[in-house]
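*Asks:* This structure is in structure tokens; I'll ask about it shortly.
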Amino acid sequence: MTDLQSHLRDRLLTVLTDLGLDRAAAEPLLQLGPPKNRDHGDVALGAFQLAKLAGKAPPALAGEIAGKIGADGVIASAEAAGPFVNFRFARAALAKQVLTAIAANEAPYGPASGNGQVVCIDFSSPNIAKPFHIGHMRSTVIGNSLCRIHRHLGATVHGINHLGDWGMPFAKMMTAYMHWGDETELHKSPMRYMFDLYKRYSQAAKDDPALDAEAAKHFQALESGEDNAERRMWQFLRDESLQAFQGPYSRLGVTFDHITGESFFEDKMEAAMQRVTAAGVLEESDGAEVVWLKEQGIKQPCLLRKSDGTTLYHTRDLAAAFYREETFHPDRILYVVGAEQKLHFDQLEGVLKKMGEKVADAVEHVPFGLVLSKTEDGKWEKFASRAGNAVFLDEILDESVAKVRNVIAEKNPDLEDKEAVAEQVGVSAIVFNDLKNSRIKDVKFDWDAMLNFEGETGPYVQYACARLASILRKAETPVPAPDAIDFALLADAERVLLTMMDFGAAVQRAAEQSEPSVVTSHTIALAGEIHSYLREHHVLGAEPAVRDARLFLVDAARRLLTTGLGLLGIAAPERM
RNA sequence: GCGCCCGUAGCUCAGCUGGAUAGAGCGUCGGCCUCCGAAGCCGAAGGUCAGAGGUUCGAAUCCUCUCGGGCGUGCCA
């Protein structure tokens with residue numbers, strides 16, 4: 001069954017051709033979209049551009065289109081309203097097309113088969129010499145969602161954790177451990193212990209600048225490639241940290257296809273540097289090796305080697321870009337990294353461009369805003385981790401889960417598996433909150449808002465799923481087959497159906513713009529529509545044919561909400 | 001100083017790349033559980049889209065400037 005939108009497009013193009021317009025010229029000008037107000041119709045056509053092409057006034061052309069298109073089995077009506085034409089689909093066709101596609105798990109509601117795109121997504125990438133705190137969460141959950149969205153659309157996805165396991169921060173941690181480290185203490189609570197070491201080092205380095213010099217020496221020794229004390233210490237701390245990070249990752253349901261941190265590129269940086277040299281873009285400046293990008297409007301040069309001979313973040317990212325190009329042949333490489341690092345990625349892209357590397361076109365920084373906390377006087381400011389008051393992600397998740405536990409005790413005390421459900425719902429509330437708004441916006445970390453599970457929240461959408469699952473359980477009969485359904489009986493579900501129909505476009509846009517919040521918004525909208533519908537339309541008590549049709553609708557809604565939440569990396573419990 | 005980002009209801013945000021009367025949630029006020037899950041639903045109040053110019057049939061959306069706030073700005077990542 002062809003989908004409704006393309007049927008409408010085809011019919012429109014035929015009509016426009018009859019009206020004397022060139023089909024190829026008209027096609028890109030076909031502005032179809034949801035009307036401002038869904039009471040106007042299901043889909044609206046703005047006739048502005050087409051009118052220009054036809055040399056007519058928009059309202060005149062709109063009138064001609066509306067008059068000429070005529071109803072068929074799919075299109076129920078077409079009405080001109082000024083420069084717009086509002087279309088309405090036949091209710092039975094709308095219900096049948098949308099719901100059977102969802103039931104069959106067909107694209108766009110289900111995963112598409114390969115679309116040929118290869119997408120590398122560099123996300124999370126924490127500096128593992130520091131604890132996993134609230135600030136690390138954004139890249140992790142945004143990147144995780146983007147991986148799922150692109151996979152849903154049929155892309156080959158390489159989710160990459162570009163760990164910060166090299167460079168000065170790690171050298172500082174090593175230095176701290178060499179001075180004060182204790183393995184027994186470390187094993188008691190690795191993340192907390194390393195955070196304490198980190199704090200101790202920062203404090204000590206303020207009074208004693210020699211400490212940073214010592215760290216730099218250790219880094220030099222590490223980068224020498226020799227099997228020395230530094231290397232063994234690095235290996236030890238890396239293993240311990242990485243293991244400690246598994247906790248938050250598994251709670252968030254995040255996995256990676258490649259855990260290739262900065263250290264992975266240790267032996268690939270020389271080749272990368274030679275490539276830069278061969279391209280003739282490397283210059284010496286104050287003892288360092290740099291690439292100037294002034295001609296691209298970037299004033300700060302990209303530093304690739306320090307005057308002490310060691311490498312930098314840029315050097316590793318450059319080597320990583322070459323490696324990814326050769327290994328994966330990506331169409332896009334998304335770097336899910338905070339907006340404060342925009343210059344870094346502009347420089348990376350700039351260097352690749354200056355070298356004439358085509359991978360420059362694939363490089364795409366996906367920036368996001370900061371996490372802010374509320375001050376005493378009600379203002380918002382950046383979370384200060386250096387002051388030693390870092391909020392660990394685990395603590396935030398625990399707090400949320402505890403709140404959910406209370407809500408369950410109050411509203412659903414007989415629930416089985418309370419603990420597992422509390423974990424699912426509590427974690428998802430935090431994740432959902434992070435994915436709710438445009439990623440470039442700063443996240444205002446507000447306990448009250450985050451632990452309020454009413455309105456536009458993760459638990460709200462999950463609650464809709466649980467409610468639908470409950471109806472399906474109580475039906476005590478399997479969901480009827482599609483050919484047993486009289487879809488005309490679902491005319492009253494038009495708002496639910498039209499929202500469902502928007503799903504594909506939402507996922508598409510989320511992928512193009514690297515913006516999971518588009519999917520988040522859609523799940524909220526669909527949950528809202530189905531909640532409203534259920535209020536007015538009882539399922540189980542309806543007469544058999546109506547009951548069957550509504551059961552089919554309920555099942556599809558539950559599936560699509562589950563899919564939508566899945567794209568966000570959020571589980572949909574059957575009960576909560 | 002320079003570069004980039006943000007500014008929409010009391011608060012937190014949508015607004016689908018220029019189209020119809022600017023929409024949600026929270027909070028406030030008022031309704032709805034003898035009825036499939038009230039973590040829900042329905043309604044009310046609440047906006048000079050920071051401000052000023054410009055572009056055009058049409059601007060919250062594009063351009064310029066101003067004002068607020070934030071981030072960044074050579075050997076950290």
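Each chain of the structure tokens is named A, B, ... in the order shown, its residues numbered from 1; ligands are numbered from 1 in display order.
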With a distance threshold of 6 Å and counting only C-alpha atoms (C1' of nucleotides), extract the residues of chain A near chain B and express them as a PyMOL selection string.

*Replies:* chain A and resi 306+340+453-456+467+471+540

*Asks:* As JSON, numbers by chain, list the residues of region 335-456 of chain A assigned to strand (DSSP E) by DSSP on the backbone atoms of this structure.

*Replies:* {"A": [335, 336, 363, 364, 365, 366, 371, 372, 373, 374, 380, 381, 382, 443, 444, 445]}

*Asks:* Mind checking DSSP for region 78-280 of chain A and telling me the alpha helix (DSSP H) residues as an MDAnalysis selection string?

*Replies:* chainID A and resid 91:103 134:152 167:180 183:188 190:207 210:223 229:252 269:278

*Asks:* Would you kindly return, as an NGL selection string, each protein, DNA or RNA residue with an atom no farther than 10 Å from any atom of Gln5 (chain A), considering only C-alpha atoms (C1' of nucleotides) and excluding same-chain residues fewer than 4 positions away?

*Replies:* :A and (9-11 or 32-33 or 43 or 74 or 89 or 501)

*Asks:* Please save C-alpha atoms of the selected residues as a short mmCIF file (atom, residue, chain, number, x, y, z; two decimals), in the first residue's frame.

*Replies:*
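File written: result26.cif
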```cif
data_model
loop_
_atom_site.label_atom_id
_atom_site.label_comp_id
_atom_site.auth_asym_id
_atom_site.auth_seq_id
_atom_site.Cartn_x
_atom_site.Cartn_y
_atom_site.Cartn_z
CA ARG A 9 1.88 14.28 -4.37
CA ASP A 10 1.29 12.18 -7.47
CA ARG A 11 -2.28 13.36 -7.83
CA LEU A 32 3.06 20.09 1.64
CA GLY A 33 2.88 20.15 5.38
CA VAL A 43 -2.32 18.31 4.94
CA VAL A 74 -7.63 8.17 -0.49
CA PHE A 89 -7.73 11.94 3.66
CA MET A 501 1.78 9.90 10.34
#
```

*Asks:* Near region 92-96 of chain A, counting only C-alpha atoms (C1' of nucleotides), which residues have an atom at most 12 Å away, once you skip same-chain residues fewer than 5 positions from it, shown as number ranges by chain?

*Replies:* A: 1-5, 7, 42-43, 72-76, 101-104, 481-501, 549-550, 552-553, 556-557
